[in-house]
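**Q** The structure under discussion is supplied below as structure tokens; questions concerning it will follow.
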Amino acid sequence: EKAERYRLLNEPRESESICRDALRTSPGHQHALITLLLSLTDQFGKGFGVDLRDAREILPQIQGDYEQAYYSGVVLERWGKSRPEGGAPVDVMHDWLRQAMAYFQQAEEIRPAGNDEAILRWNTCARIIGRRSGGDRPTHPTDGPDGPESFDDEVPIL
């Protein structure tokens, strides 16, 4: 709980440290692993020396097919969003977001009833890509024959 609190206070290094302490006493603790993973991704592109490899090392320890797919997507989405901060072209960010979307789609197919997290994240990635590429957002496999519904709502561009 403390680690999560520090994450929400935008202190991801402190959160990471607390998670690592907790995992030393309770290896494999799922909540601590997920909080650690999110704390690491909070540090992407911020000059803290955390990179994609650091987050990917945690993923195999997360249990459950849905969780594996969903958090793999989260890692790639956050890495992609951090790329412009590192000076990479927007196309590089789009490539990472598209990879994340594939994981979110996989997670959506096996999600627990009532859990729309993967759908919401897929849509966010699609909106970011659409805004940055002149409005052509990727279409979801479940979009109807008339195309996707309107995505004119405001989503902050990172």
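Residue names in the structure tokens use chain letters A, B, ... in the order shown, residue numbers from 1 in each chain, and ligand numbers from 1 in the order shown.
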Check chain A with DSSP on the backbone and list each residue it calls alpha helix (DSSP H), as a ChimeraX atom specification.

**A** /A:2-8,12-25,30-42,52-56,65-82,90-109,117-132

**Q** So that I can see what lies close to Glu16 (chain A), please list as a PyMOL selection string the residues with an atom at most 7 Å from it, counting only C-alpha atoms and leaving out residues fewer than 6 positions away in the same chain.

**A** chain A and resi 36+39-40

**Q** Do you know which residues are at most 12 Å from Glu67 (chain A) counting only C-alpha atoms, after dropping those on the same chain fewer than 5 positions away, and could you put them as JSON, numbers by chain?

**A** {"A": [30, 31, 33, 34, 37, 59, 60, 61, 62, 72, 73, 74, 75, 103, 104, 106, 107, 108, 110, 111, 112, 115, 117, 118]}

**Q** Residues of the last selection are to be written out with N, CA, C and O atoms, as a tab-separated table (two decimals), in the first residue's frame.

**A**
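Full text of result_8.tsv as output:
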```
chain	number	residue	atom	x	y	z
A	30	GLN	N	2.19	-10.92	-5.95
A	30	GLN	CA	1.69	-10.35	-7.21
A	30	GLN	C	1.42	-8.85	-7.15
A	30	GLN	O	1.77	-8.12	-8.08
A	31	HIS	N	0.83	-8.39	-6.09
A	31	HIS	CA	0.55	-6.95	-6.01
A	31	HIS	C	1.85	-6.15	-5.98
A	31	HIS	O	1.96	-5.11	-6.63
A	33	LEU	N	4.72	-7.11	-7.28
A	33	LEU	CA	5.33	-7.20	-8.61
A	33	LEU	C	4.67	-6.23	-9.60
A	33	LEU	O	5.36	-5.55	-10.36
A	34	ILE	N	3.36	-6.17	-9.56
A	34	ILE	CA	2.65	-5.26	-10.49
A	34	ILE	C	2.95	-3.82	-10.14
A	34	ILE	O	3.20	-2.99	-11.02
A	37	LEU	N	6.41	-3.11	-11.38
A	37	LEU	CA	6.38	-2.94	-12.83
A	37	LEU	C	5.89	-1.54	-13.21
A	37	LEU	O	6.50	-0.85	-14.03
A	59	LEU	N	7.96	-8.98	-16.04
A	59	LEU	CA	6.78	-9.59	-16.67
A	59	LEU	C	6.65	-11.10	-16.49
A	59	LEU	O	5.55	-11.57	-16.19
A	60	PRO	N	7.71	-11.89	-16.65
A	60	PRO	CA	7.54	-13.34	-16.50
A	60	PRO	C	7.09	-13.78	-15.12
A	60	PRO	O	6.56	-14.89	-14.96
A	61	GLN	N	7.26	-12.93	-14.13
A	61	GLN	CA	6.87	-13.28	-12.76
A	61	GLN	C	5.39	-13.01	-12.49
A	61	GLN	O	4.86	-13.45	-11.46
A	62	ILE	N	4.75	-12.29	-13.39
A	62	ILE	CA	3.33	-11.97	-13.20
A	62	ILE	C	2.50	-13.15	-13.67
A	62	ILE	O	2.69	-13.67	-14.77
A	72	SER	N	2.02	-6.59	-20.43
A	72	SER	CA	2.96	-6.48	-21.56
A	72	SER	C	2.56	-5.29	-22.42
A	72	SER	O	3.42	-4.51	-22.87
A	73	GLY	N	1.26	-5.12	-22.63
A	73	GLY	CA	0.78	-3.96	-23.38
A	73	GLY	C	1.06	-2.66	-22.66
A	73	GLY	O	1.48	-1.67	-23.28
A	74	VAL	N	0.86	-2.63	-21.36
A	74	VAL	CA	1.12	-1.42	-20.57
A	74	VAL	C	2.59	-1.02	-20.68
A	74	VAL	O	2.91	0.16	-20.90
A	75	VAL	N	3.48	-1.99	-20.57
A	75	VAL	CA	4.91	-1.70	-20.66
A	75	VAL	C	5.23	-1.08	-22.02
A	75	VAL	O	5.90	-0.03	-22.10
A	103	TYR	N	-1.10	-6.55	-27.76
A	103	TYR	CA	-1.24	-7.19	-26.44
A	103	TYR	C	-2.58	-6.87	-25.81
A	103	TYR	O	-3.21	-7.73	-25.19
A	104	PHE	N	-3.03	-5.61	-25.94
A	104	PHE	CA	-4.32	-5.25	-25.36
A	104	PHE	C	-5.45	-6.03	-26.03
A	104	PHE	O	-6.41	-6.43	-25.37
A	106	GLN	N	-5.16	-9.01	-27.35
A	106	GLN	CA	-5.03	-10.36	-26.81
A	106	GLN	C	-5.66	-10.43	-25.41
A	106	GLN	O	-6.40	-11.37	-25.10
A	107	ALA	N	-5.37	-9.44	-24.58
A	107	ALA	CA	-5.93	-9.40	-23.23
A	107	ALA	C	-7.45	-9.26	-23.27
A	107	ALA	O	-8.16	-9.89	-22.47
A	108	GLU	N	-7.94	-8.45	-24.20
A	108	GLU	CA	-9.38	-8.24	-24.32
A	108	GLU	C	-10.11	-9.56	-24.58
A	108	GLU	O	-11.18	-9.80	-24.03
A	110	ILE	N	-9.45	-12.46	-23.54
A	110	ILE	CA	-9.49	-13.38	-22.39
A	110	ILE	C	-9.77	-12.65	-21.08
A	110	ILE	O	-9.57	-13.20	-20.00
A	111	ARG	N	-10.24	-11.43	-21.17
A	111	ARG	CA	-10.45	-10.62	-19.98
A	111	ARG	C	-11.56	-11.18	-19.09
A	111	ARG	O	-12.50	-11.80	-19.58
A	112	PRO	N	-11.44	-10.93	-17.79
A	112	PRO	CA	-12.52	-11.31	-16.88
A	112	PRO	C	-13.78	-10.50	-17.19
A	112	PRO	O	-13.69	-9.36	-17.67
A	115	ASN	N	-14.32	-6.48	-17.02
A	115	ASN	CA	-13.03	-5.80	-16.99
A	115	ASN	C	-12.75	-5.21	-18.38
A	115	ASN	O	-12.46	-5.95	-19.32
A	117	GLU	N	-10.40	-2.77	-18.96
A	117	GLU	CA	-9.12	-2.06	-18.96
A	117	GLU	C	-8.39	-2.17	-20.29
A	117	GLU	O	-7.86	-1.18	-20.81
A	118	ALA	N	-8.31	-3.37	-20.86
A	118	ALA	CA	-7.59	-3.57	-22.11
A	118	ALA	C	-8.24	-2.80	-23.25
A	118	ALA	O	-7.55	-2.22	-24.09
```

**Q** Between CA of Val92 (chain A) and CA of Arg78 (chain A), what is the distance, to one decimal in Å?

**A** 12.6 Å

**Q** Which is closer to Val90 (chain A) than all the others in A:Ile129, A:Ala55, A:Gln63, A:Tyr71, using only C-alpha atoms?

**A** A:Ile129

**Q** Would you mind reading off the distance between CA of Asp95 (chain A) and CA of Trp79 (chain A), one decimal, in Å?

**A** 10.6 Å

**Q** For CA of Glu57 (chain A) and CA of Glu85 (chain A), determine how far apart the two atoms are, in Å to one decimal place.

**A**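 Pair CA of Glu57 (chain A) / CA of Glu85 (chain A) returns 22.9 Å.
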